[in-house]
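Have a look at the structure below before the remarks.
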Amino acid sequence: MGHDSKAVLTTIRDLFWVPTPVPTLRGRTVLITGAASGIGRATALAAAREGADLVLTDLHADPLNAAVDEVVASGGAVVYHAAGDVSDYDWVASFARAVDAEVGVMDVVMNVAGISAWGTVENLQHRHWRKLVDVNLMGPIHVIESFVPQMVRRGSGGQVVNVSSAAGLLALPWHAAYSASKFGIRGVSEVLRHDLRRHNIGVSLVCPGGVATPLVGTVEIVGIDRDDPRVAAQIDGFHKIAVTPEKAAQAIVRGVVKNKFMVYTSFDVRFAYWWARKFAFPYEVAMRIANNRFDHLSRLAGLGSSKGAVDGESSIVSKPTD
C-alpha cells in the first residue's frame, strides 16, 4: 500500500476514533477552580484519591486553605494554591504565570467555580446579568486563555473540563441570566472539543442538575422572599432530589479518564435533554407548565419589582455552581 493510501486510512480512522488523552489521574497535574466548597471541593478530594497533583483556587482564602488541609490530611497532594477571582483576567493571568513557574504545564484544567441568581427580566438588575456572565462564562474563558495554550505547545495532550448546568441545556424558568452564561460555556466547549482534538486535548462538558451544595442555600431568587414557607418548601423539595457533591465529583473524574464530552451527574438531566431534542413540542408544553408554576409561586410569595433588587451582593459570590 502506498504512502498516500496509508495517509487516507489514517485520516479516516481519526474521523471516527477518539483517543483518551488522560486515561488516569495518577501523577497528572490538575487545576480546579472553585475548590473551596461544593462540587469543586469534592472533585479535588476525588482527584487526590486518584493520585493527582492538585493546583487549587477559589475566591476566598480561608475556605480554600481549609480545603487544602483536608486534601493533604486525606493523603493527597496540593502542589500550588492561591485565592483569587476568576472573573478578573489580570489576576488569572498572573496566577497562571506563577503556576507555570512553580509547577509547570497542566494536564487537566477544570473550570468549576460559578455563581447563580434567578429571576424574571423585570426583576433582574444589570448587575445580575453582568456578574453571572463575568464569573460563569468569562471566568472559564480567562482560565482557558491562560492555561490551555501551554498544553497545546507542550504537545502531550490533556483534558479541559467546563461545568455548565441543566440550565445550559434546557429553558428552565427564571434562569435567563444564568442560562446566558451556562449556554455560553456550553458553546465554547463544543467548539474547543473539535479545535483541540488535533492536539490530543479532550474536552468534557459537565451538566449537573440538582446538587446539594452551599449554593442552594445562598442563591438569590430576585423578587422572591426565600423566608416564605411556600418558597422554603420548594427549596426543601430540591434538596430531596439533589445528588451529593461527591456523586457529581465521581461523574467528573469518570468523564475525564474516559474522555466523555457530555458528563451528567444524574439521570434526570440526561433524560430531560434527550426528551427536549426528540420531542420538541411536548418539551415546550412542559416548559410552559413549569413556568406557570413558578409564576404562581411568585404571585404567592413575591416581593414585587420594587423589592426585587436585593441590597448588596452577599448571595452573588464565586463558589461551585449547582
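As shown in the C-alpha cells, the chain order sets the letters A, B, ...; within each chain, residues go from 1, and ligands are also counted from 1 in the order they appear.
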All residues 8 Å or closer to Ala167 (chain A), only C-alpha atoms, same chain fewer than 2 positions away omitted, as a PDB file with all heavy atoms, in the first residue's frame:
ATOM      1  N   SER A 164     -21.071  23.328  33.087  1.00  0.00           N
ATOM      2  CA  SER A 164     -22.241  24.082  32.657  1.00  0.00           C
ATOM      3  C   SER A 164     -23.358  23.789  33.658  1.00  0.00           C
ATOM      4  O   SER A 164     -23.147  23.906  34.869  1.00  0.00           O
ATOM      5  CB  SER A 164     -22.625  23.715  31.222  1.00  0.00           C
ATOM      6  OG  SER A 164     -23.767  24.434  30.803  1.00  0.00           O
ATOM      7  N   SER A 165     -24.500  23.364  33.190  1.00  0.00           N
ATOM      8  CA  SER A 165     -25.646  23.145  34.079  1.00  0.00           C
ATOM      9  C   SER A 165     -26.785  22.559  33.257  1.00  0.00           C
ATOM     10  O   SER A 165     -26.773  22.621  32.017  1.00  0.00           O
ATOM     11  CB  SER A 165     -26.094  24.479  34.693  1.00  0.00           C
ATOM     12  OG  SER A 165     -27.348  24.371  35.324  1.00  0.00           O
ATOM     13  N   LEU A 169     -28.705  23.508  29.050  1.00  0.00           N
ATOM     14  CA  LEU A 169     -29.298  22.597  28.068  1.00  0.00           C
ATOM     15  C   LEU A 169     -30.785  22.845  27.882  1.00  0.00           C
ATOM     16  O   LEU A 169     -31.323  22.615  26.799  1.00  0.00           O
ATOM     17  CB  LEU A 169     -29.112  21.139  28.527  1.00  0.00           C
ATOM     18  CG  LEU A 169     -27.695  20.636  28.785  1.00  0.00           C
ATOM     19  CD1 LEU A 169     -27.749  19.231  29.373  1.00  0.00           C
ATOM     20  CD2 LEU A 169     -26.875  20.656  27.504  1.00  0.00           C
ATOM     21  N   LEU A 170     -31.446  23.320  28.935  1.00  0.00           N
ATOM     22  CA  LEU A 170     -32.905  23.412  28.962  1.00  0.00           C
ATOM     23  C   LEU A 170     -33.347  24.822  29.334  1.00  0.00           C
ATOM     24  O   LEU A 170     -32.633  25.550  30.016  1.00  0.00           O
ATOM     25  CB  LEU A 170     -33.467  22.416  29.984  1.00  0.00           C
ATOM     26  CG  LEU A 170     -33.024  20.962  29.840  1.00  0.00           C
ATOM     27  CD1 LEU A 170     -33.405  20.161  31.066  1.00  0.00           C
ATOM     28  CD2 LEU A 170     -33.615  20.344  28.577  1.00  0.00           C
ATOM     29  N   ALA A 171     -34.565  25.182  28.894  1.00  0.00           N
ATOM     30  CA  ALA A 171     -35.108  26.527  29.138  1.00  0.00           C
ATOM     31  C   ALA A 171     -35.820  26.579  30.482  1.00  0.00           C
ATOM     32  O   ALA A 171     -37.042  26.688  30.557  1.00  0.00           O
ATOM     33  CB  ALA A 171     -36.060  26.912  28.014  1.00  0.00           C
ATOM     34  N   LEU A 172     -35.060  26.513  31.565  1.00  0.00           N
ATOM     35  CA  LEU A 172     -35.660  26.493  32.892  1.00  0.00           C
ATOM     36  C   LEU A 172     -36.207  27.874  33.263  1.00  0.00           C
ATOM     37  O   LEU A 172     -35.580  28.891  32.970  1.00  0.00           O
ATOM     38  CB  LEU A 172     -34.619  26.059  33.925  1.00  0.00           C
ATOM     39  CG  LEU A 172     -33.971  24.693  33.673  1.00  0.00           C
ATOM     40  CD1 LEU A 172     -32.966  24.374  34.775  1.00  0.00           C
ATOM     41  CD2 LEU A 172     -35.025  23.586  33.578  1.00  0.00           C
ATOM     42  N   HIS A 175     -34.343  31.480  34.601  1.00  0.00           N
ATOM     43  CA  HIS A 175     -32.902  31.240  34.505  1.00  0.00           C
ATOM     44  C   HIS A 175     -32.262  31.983  33.332  1.00  0.00           C
ATOM     45  O   HIS A 175     -31.179  31.611  32.891  1.00  0.00           O
ATOM     46  CB  HIS A 175     -32.636  29.737  34.348  1.00  0.00           C
ATOM     47  CG  HIS A 175     -32.707  28.960  35.627  1.00  0.00           C
ATOM     48  ND1 HIS A 175     -33.858  28.832  36.345  1.00  0.00           N
ATOM     49  CD2 HIS A 175     -31.753  28.294  36.322  1.00  0.00           C
ATOM     50  CE1 HIS A 175     -33.626  28.092  37.415  1.00  0.00           C
ATOM     51  NE2 HIS A 175     -32.354  27.756  37.432  1.00  0.00           N
ATOM     52  N   TYR A 178     -28.722  33.283  34.167  1.00  0.00           N
ATOM     53  CA  TYR A 178     -27.871  32.127  34.465  1.00  0.00           C
ATOM     54  C   TYR A 178     -27.625  31.313  33.195  1.00  0.00           C
ATOM     55  O   TYR A 178     -26.497  30.905  32.909  1.00  0.00           O
ATOM     56  CB  TYR A 178     -28.548  31.287  35.537  1.00  0.00           C
ATOM     57  CG  TYR A 178     -27.736  30.130  36.061  1.00  0.00           C
ATOM     58  CD1 TYR A 178     -26.492  30.333  36.660  1.00  0.00           C
ATOM     59  CD2 TYR A 178     -28.224  28.832  35.992  1.00  0.00           C
ATOM     60  CE1 TYR A 178     -25.762  29.275  37.167  1.00  0.00           C
ATOM     61  CE2 TYR A 178     -27.501  27.764  36.496  1.00  0.00           C
ATOM     62  CZ  TYR A 178     -26.276  27.986  37.083  1.00  0.00           C
ATOM     63  OH  TYR A 178     -25.545  26.934  37.579  1.00  0.00           O
ATOM     64  N   SER A 179     -28.685  31.100  32.414  1.00  0.00           N
ATOM     65  CA  SER A 179     -28.557  30.334  31.179  1.00  0.00           C
ATOM     66  C   SER A 179     -27.681  31.049  30.155  1.00  0.00           C
ATOM     67  O   SER A 179     -27.003  30.399  29.357  1.00  0.00           O
ATOM     68  CB  SER A 179     -29.938  30.046  30.573  1.00  0.00           C
ATOM     69  OG  SER A 179     -30.618  29.054  31.318  1.00  0.00           O
ATOM     70  N   LYS A 182     -24.365  29.834  31.102  1.00  0.00           N
ATOM     71  CA  LYS A 182     -24.167  28.386  31.019  1.00  0.00           C
ATOM     72  C   LYS A 182     -24.333  27.853  29.591  1.00  0.00           C
ATOM     73  O   LYS A 182     -23.654  26.901  29.207  1.00  0.00           O
ATOM     74  CB  LYS A 182     -25.126  27.677  31.982  1.00  0.00           C
ATOM     75  CG  LYS A 182     -24.805  27.944  33.450  1.00  0.00           C
ATOM     76  CD  LYS A 182     -23.385  27.493  33.799  1.00  0.00           C
ATOM     77  CE  LYS A 182     -23.080  27.605  35.275  1.00  0.00           C
ATOM     78  NZ  LYS A 182     -21.732  27.100  35.617  1.00  0.00           N
ATOM     79  N   PHE A 183     -25.243  28.449  28.808  1.00  0.00           N
ATOM     80  CA  PHE A 183     -25.297  28.106  27.385  1.00  0.00           C
ATOM     81  C   PHE A 183     -24.016  28.577  26.704  1.00  0.00           C
ATOM     82  O   PHE A 183     -23.505  27.935  25.789  1.00  0.00           O
ATOM     83  CB  PHE A 183     -26.515  28.746  26.710  1.00  0.00           C
ATOM     84  CG  PHE A 183     -27.736  27.888  26.674  1.00  0.00           C
ATOM     85  CD1 PHE A 183     -28.600  27.816  27.766  1.00  0.00           C
ATOM     86  CD2 PHE A 183     -28.057  27.154  25.542  1.00  0.00           C
ATOM     87  CE1 PHE A 183     -29.744  27.039  27.729  1.00  0.00           C
ATOM     88  CE2 PHE A 183     -29.196  26.363  25.488  1.00  0.00           C
ATOM     89  CZ  PHE A 183     -30.044  26.306  26.585  1.00  0.00           C
TER      90      PHE A 183
END
Neighbour list for Arg153 (chain A) as a PyMOL selection string, cut-off 12 Å, only C-alpha atoms, skip fewer than 4 positions in-chain: chain A and resi 105-106+147-149+157-158+196+199-201
For the residues in that selection, give me N, CA and C atoms as a PDB file, in the first residue's frame.
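Saved result, again-v2.pdb, follows:
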ATOM      1  N   VAL A 105       3.261  22.885  33.242  1.00  0.00           N
ATOM      2  CA  VAL A 105       2.042  22.851  32.428  1.00  0.00           C
ATOM      3  C   VAL A 105       1.029  21.889  33.028  1.00  0.00           C
ATOM      4  N   MET A 106      -0.244  22.262  32.974  1.00  0.00           N
ATOM      5  CA  MET A 106      -1.313  21.418  33.490  1.00  0.00           C
ATOM      6  C   MET A 106      -1.596  20.238  32.552  1.00  0.00           C
ATOM      7  N   PHE A 147      -4.169  28.983  30.524  1.00  0.00           N
ATOM      8  CA  PHE A 147      -3.568  27.678  30.810  1.00  0.00           C
ATOM      9  C   PHE A 147      -3.512  26.715  29.621  1.00  0.00           C
ATOM     10  N   VAL A 148      -4.442  26.818  28.693  1.00  0.00           N
ATOM     11  CA  VAL A 148      -4.523  25.817  27.627  1.00  0.00           C
ATOM     12  C   VAL A 148      -3.474  26.004  26.524  1.00  0.00           C
ATOM     13  N   PRO A 149      -3.104  27.220  26.130  1.00  0.00           N
ATOM     14  CA  PRO A 149      -2.065  27.341  25.095  1.00  0.00           C
ATOM     15  C   PRO A 149      -0.770  26.609  25.441  1.00  0.00           C
ATOM     16  N   GLY A 157      -0.935  16.366  25.036  1.00  0.00           N
ATOM     17  CA  GLY A 157      -2.353  16.182  25.310  1.00  0.00           C
ATOM     18  C   GLY A 157      -2.793  16.690  26.668  1.00  0.00           C
ATOM     19  N   GLY A 158      -4.018  16.340  27.026  1.00  0.00           N
ATOM     20  CA  GLY A 158      -4.599  16.770  28.289  1.00  0.00           C
ATOM     21  C   GLY A 158      -6.109  16.785  28.206  1.00  0.00           C
ATOM     22  N   LEU A 196      -9.423  21.378  19.711  1.00  0.00           N
ATOM     23  CA  LEU A 196      -8.305  20.847  20.487  1.00  0.00           C
ATOM     24  C   LEU A 196      -8.026  19.374  20.217  1.00  0.00           C
ATOM     25  N   HIS A 199      -4.744  18.253  18.934  1.00  0.00           N
ATOM     26  CA  HIS A 199      -3.650  18.345  19.903  1.00  0.00           C
ATOM     27  C   HIS A 199      -3.772  17.282  20.998  1.00  0.00           C
ATOM     28  N   ASN A 200      -4.686  16.341  20.807  1.00  0.00           N
ATOM     29  CA  ASN A 200      -4.945  15.274  21.778  1.00  0.00           C
ATOM     30  C   ASN A 200      -5.348  15.840  23.143  1.00  0.00           C
ATOM     31  N   ILE A 201      -6.095  16.933  23.093  1.00  0.00           N
ATOM     32  CA  ILE A 201      -6.664  17.516  24.311  1.00  0.00           C
ATOM     33  C   ILE A 201      -8.173  17.300  24.263  1.00  0.00           C
TER      34      ILE A 201
END
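Nearest to Arg49 (chain A) of all the residues A:Val92, A:Val269, A:Ala77, A:Ile144 is A:Ala77, based on only C-alpha atoms.
Using only C-alpha atoms, the smallest distance between any of A:Ser87, A:Thr57, A:Thr120, A:Gln150 and Arg41 (chain A) comes from A:Thr57.
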Surrounding residues of region 272-280 of chain A excluding itself and chain neighbours under 2 positions, 12 Å, only C-alpha atoms, as a VMD selection string: chain A and resid 165 to 172 207 to 209 262 264 266 to 270 282 to 287
Non-local contacts of Leu59 (chain A) (12 Å; only C-alpha atoms; under 6 positions in same chain excluded) as a PyMOL selection string: chain A and resi 33-37+65+81-88+91-92+112-115+135+139+316-320
Any chance you could export the current selection's N, CA and C atoms as a PDB file, in the first residue's frame?
ATOM      1  N   THR A  33     -10.756  25.094  39.745  1.00  0.00           N
ATOM      2  CA  THR A  33     -11.248  26.368  40.271  1.00  0.00           C
ATOM      3  C   THR A  33     -12.485  26.103  41.126  1.00  0.00           C
ATOM      4  N   GLY A  34     -12.803  27.036  42.020  1.00  0.00           N
ATOM      5  CA  GLY A  34     -13.955  26.835  42.897  1.00  0.00           C
ATOM      6  C   GLY A  34     -13.749  25.665  43.832  1.00  0.00           C
ATOM      7  N   ALA A  35     -12.501  25.476  44.294  1.00  0.00           N
ATOM      8  CA  ALA A  35     -12.134  24.255  45.011  1.00  0.00           C
ATOM      9  C   ALA A  35     -12.456  24.281  46.495  1.00  0.00           C
ATOM     10  N   ALA A  36     -12.994  25.383  46.997  1.00  0.00           N
ATOM     11  CA  ALA A  36     -13.180  25.509  48.443  1.00  0.00           C
ATOM     12  C   ALA A  36     -14.464  24.870  48.960  1.00  0.00           C
ATOM     13  N   SER A  37     -15.428  24.610  48.078  1.00  0.00           N
ATOM     14  CA  SER A  37     -16.695  24.052  48.564  1.00  0.00           C
ATOM     15  C   SER A  37     -17.422  23.348  47.425  1.00  0.00           C
ATOM     16  N   ASN A  65      -7.933  27.422  52.066  1.00  0.00           N
ATOM     17  CA  ASN A  65      -6.916  26.817  52.921  1.00  0.00           C
ATOM     18  C   ASN A  65      -7.464  25.599  53.658  1.00  0.00           C
ATOM     19  N   HIS A  81      -1.559  26.521  45.483  1.00  0.00           N
ATOM     20  CA  HIS A  81      -2.916  27.047  45.658  1.00  0.00           C
ATOM     21  C   HIS A  81      -2.838  28.542  45.912  1.00  0.00           C
ATOM     22  N   ALA A  82      -3.850  29.247  45.473  1.00  0.00           N
ATOM     23  CA  ALA A  82      -3.931  30.692  45.683  1.00  0.00           C
ATOM     24  C   ALA A  82      -5.378  31.124  45.531  1.00  0.00           C
ATOM     25  N   ALA A  83      -5.774  32.090  46.350  1.00  0.00           N
ATOM     26  CA  ALA A  83      -7.133  32.634  46.285  1.00  0.00           C
ATOM     27  C   ALA A  83      -7.174  33.799  45.310  1.00  0.00           C
ATOM     28  N   GLY A  84      -8.251  33.869  44.545  1.00  0.00           N
ATOM     29  CA  GLY A  84      -8.422  34.968  43.611  1.00  0.00           C
ATOM     30  C   GLY A  84      -9.731  34.858  42.867  1.00  0.00           C
ATOM     31  N   ASP A  85     -10.026  35.875  42.087  1.00  0.00           N
ATOM     32  CA  ASP A  85     -11.300  36.000  41.371  1.00  0.00           C
ATOM     33  C   ASP A  85     -11.104  35.631  39.908  1.00  0.00           C
ATOM     34  N   VAL A  86     -11.729  34.540  39.467  1.00  0.00           N
ATOM     35  CA  VAL A  86     -11.552  34.104  38.081  1.00  0.00           C
ATOM     36  C   VAL A  86     -12.154  35.089  37.081  1.00  0.00           C
ATOM     37  N   SER A  87     -13.042  35.968  37.539  1.00  0.00           N
ATOM     38  CA  SER A  87     -13.616  36.952  36.616  1.00  0.00           C
ATOM     39  C   SER A  87     -12.651  38.108  36.345  1.00  0.00           C
ATOM     40  N   ASP A  88     -11.546  38.148  37.070  1.00  0.00           N
ATOM     41  CA  ASP A  88     -10.516  39.173  36.908  1.00  0.00           C
ATOM     42  C   ASP A  88      -9.408  38.597  36.026  1.00  0.00           C
ATOM     43  N   TRP A  91      -5.773  38.955  37.230  1.00  0.00           N
ATOM     44  CA  TRP A  91      -5.408  38.034  38.312  1.00  0.00           C
ATOM     45  C   TRP A  91      -5.175  36.630  37.766  1.00  0.00           C
ATOM     46  N   VAL A  92      -6.057  36.146  36.904  1.00  0.00           N
ATOM     47  CA  VAL A  92      -5.910  34.795  36.354  1.00  0.00           C
ATOM     48  C   VAL A  92      -4.598  34.671  35.582  1.00  0.00           C
ATOM     49  N   VAL A 112     -14.682  24.886  37.539  1.00  0.00           N
ATOM     50  CA  VAL A 112     -15.832  24.528  38.376  1.00  0.00           C
ATOM     51  C   VAL A 112     -16.475  25.752  39.016  1.00  0.00           C
ATOM     52  N   ALA A 113     -15.693  26.785  39.309  1.00  0.00           N
ATOM     53  CA  ALA A 113     -16.220  27.949  40.024  1.00  0.00           C
ATOM     54  C   ALA A 113     -17.399  28.571  39.284  1.00  0.00           C
ATOM     55  N   GLY A 114     -18.413  28.960  40.035  1.00  0.00           N
ATOM     56  CA  GLY A 114     -19.578  29.592  39.418  1.00  0.00           C
ATOM     57  C   GLY A 114     -20.521  30.162  40.459  1.00  0.00           C
ATOM     58  N   ILE A 115     -21.440  30.998  39.997  1.00  0.00           N
ATOM     59  CA  ILE A 115     -22.446  31.603  40.866  1.00  0.00           C
ATOM     60  C   ILE A 115     -23.808  31.476  40.196  1.00  0.00           C
ATOM     61  N   VAL A 135     -18.450  35.781  35.840  1.00  0.00           N
ATOM     62  CA  VAL A 135     -17.915  34.648  36.597  1.00  0.00           C
ATOM     63  C   VAL A 135     -18.087  33.331  35.844  1.00  0.00           C
ATOM     64  N   GLY A 139     -15.011  33.841  33.356  1.00  0.00           N
ATOM     65  CA  GLY A 139     -14.074  33.168  34.263  1.00  0.00           C
ATOM     66  C   GLY A 139     -13.419  31.963  33.606  1.00  0.00           C
ATOM     67  N   ILE A 316     -24.296  36.811  45.679  1.00  0.00           N
ATOM     68  CA  ILE A 316     -23.649  36.654  44.388  1.00  0.00           C
ATOM     69  C   ILE A 316     -22.153  36.607  44.631  1.00  0.00           C
ATOM     70  N   VAL A 317     -21.689  35.439  44.995  1.00  0.00           N
ATOM     71  CA  VAL A 317     -20.281  35.254  45.272  1.00  0.00           C
ATOM     72  C   VAL A 317     -19.782  34.045  44.512  1.00  0.00           C
ATOM     73  N   SER A 318     -18.477  34.002  44.243  1.00  0.00           N
ATOM     74  CA  SER A 318     -17.909  32.922  43.457  1.00  0.00           C
ATOM     75  C   SER A 318     -17.795  31.670  44.318  1.00  0.00           C
ATOM     76  N   LYS A 319     -18.535  30.657  43.918  1.00  0.00           N
ATOM     77  CA  LYS A 319     -18.454  29.377  44.603  1.00  0.00           C
ATOM     78  C   LYS A 319     -18.922  28.321  43.617  1.00  0.00           C
ATOM     79  N   PRO A 320     -18.685  27.025  43.896  1.00  0.00           N
ATOM     80  CA  PRO A 320     -19.024  25.994  42.925  1.00  0.00           C
ATOM     81  C   PRO A 320     -20.481  26.065  42.508  1.00  0.00           C
TER      82      PRO A 320
END
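Closest approach to Leu192 (chain A) from the set A:Phe261, A:His128, A:Ala66, A:Gly255 is made by A:Phe261, with distances taken over only C-alpha atoms.
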Backbone DSSP call of strand (DSSP E) for region 82-300 of chain A, listed as a PyMOL selection string: chain A and resi 82-83+108-111+113-114+117-118+158-163+201-207+220-221+262-264
All residues 6 Å or closer to region 24-27 of chain A, only C-alpha atoms, same chain fewer than 6 positions away omitted, as a VMD selection string: chain A and resid 50 to 52 257
